[in-house]
Amino acid sequence: MRLFMENGWEATSIDEISRRSGVAKRFIYARYPDKAALFVGAIERVRANLLNEMHEVEPLPDNVEEGFVAFGRKLLDLALRPDSLALHRLFISEAVRFPQLAQLFAERNRGSGVNEVVTLLARYVERGLLRLDDPRLCAEQLVMSIVGVPQRMALLVGRDPPEEEERRLRAAVRLFLDGCRARG
């Protein structure tokens, strides 16, 4: 992944990956049929590591708003890391030129990441604090409302100051909860 991020898709060859990693090309091709599959595999590995870190979130507080704010901080920390942003930029730029990469990634990863958020939401539904008609859609909306603007800003001009990130995070959580909180 580091080579793809440093050099881009076009300038990274299987030969260079083989040389730098000390792994014979035949072993690479035994696992990945082509460079596109290797690229998607590398992205999946980075994402899997990030998702594993999401599982390290402390036990959720009883207060649903504070629970989502804590979750949101962890999500922002992962999404706004320099490596995460570089990977995002690379994937978006290459997806336009190589739509098969985006298609392969989408087919193999549809829903990954969202399942973890659905599980988080379910904990609060079980406690009677939320009501969700479509948990997957709600999970997608929660993630986008927390990450969308801060990630876009970080990709374009750099991260907002911490107090602005916190303000946006709390506003996103309140807005989400206003639509999902269990009523009377």
# chains A, B, ... in the order shown; residues from 1 in each chain; ligands from 1
>>> residues_around(residues="Ile92 in chain A", least_positions_apart="2", cutoff="12 Å", atoms="only C-alpha atoms", output="PyMOL selection string")
chain A and resi 8-9+85-90+94-99+101-102+105+155
>>> residues_around(residues="range 139-154 of chain A", least_positions_apart="4", cutoff="7 Å", atoms="only C-alpha atoms", output="PyMOL selection string")
chain A and resi 72+76+79-80+114+117-118+135+158-159+165+169+172+176
>>> write_last_selection(atoms="C-alpha atoms", output="CSV table (one decimal), in the first residue's frame")
chain,number,residue,atom,x,y,z
A,72,GLY,CA,-17.6,9.9,16.5
A,76,LEU,CA,-12.8,11.0,13.0
A,79,ALA,CA,-10.8,8.8,8.9
A,80,LEU,CA,-8.6,11.9,9.3
A,114,VAL,CA,-21.5,-0.2,8.2
A,117,VAL,CA,-22.1,0.9,13.2
A,118,VAL,CA,-25.3,-1.2,13.0
A,135,PRO,CA,-30.6,0.3,10.9
A,158,GLY,CA,-6.4,20.3,5.9
A,159,ARG,CA,-8.1,19.6,9.1
A,165,GLU,CA,-14.3,19.4,14.6
A,169,LEU,CA,-19.3,16.3,15.7
A,172,ALA,CA,-24.1,15.8,13.8
A,176,PHE,CA,-29.0,12.2,14.1
>>> closest_residue(among="A:Glu116, A:Tyr29, A:Glu126, A:Val64", to="Asp178 in chain A", atoms="only C-alpha atoms")
A:Val64
>>> residues_around(residues="Arg20 in chain A", least_positions_apart="5", cutoff="10 Å", atoms="only C-alpha atoms", output="list of chain:residue names")
A:Leu3, A:Ile14, A:Asp15
>>> residues_around(residues="Ser18 in chain A", least_positions_apart="3", cutoff="12 Å", atoms="only C-alpha atoms", output="list in words")
Leu3, Thr12, Ser13, Ile14, Asp15, Ser21, Gly22, Val23, Ala24, Lys25, Arg26, Phe27, Ile28, Tyr29, Lys35 and Leu38 of chain A
>>> atom_distance(atom1="CA of Asp133 in chain A", atom2="CA of Thr119 in chain A")
14.5 Å
>>> select_by_dssp(residues="chain A", states="alpha helix (DSSP H)", output="ChimeraX atom specification")
/A:2-11,14-21,25-31,35-54,64-79,82-97,99-109,114-126,135-156,162-180
>>> residues_around(residues="Ala70 in chain A", least_positions_apart="5", cutoff="12 Å", atoms="only C-alpha atoms", output="list of chain:residue names")
A:Met54, A:Glu56, A:Val57, A:Glu58, A:Pro59, A:Leu60, A:Pro61, A:Asp62, A:Asn63, A:Val64, A:Glu65, A:Leu75, A:Leu76, A:Asp77, A:Leu120, A:Ile146, A:Glu166, A:Leu169, A:Arg170, A:Val173
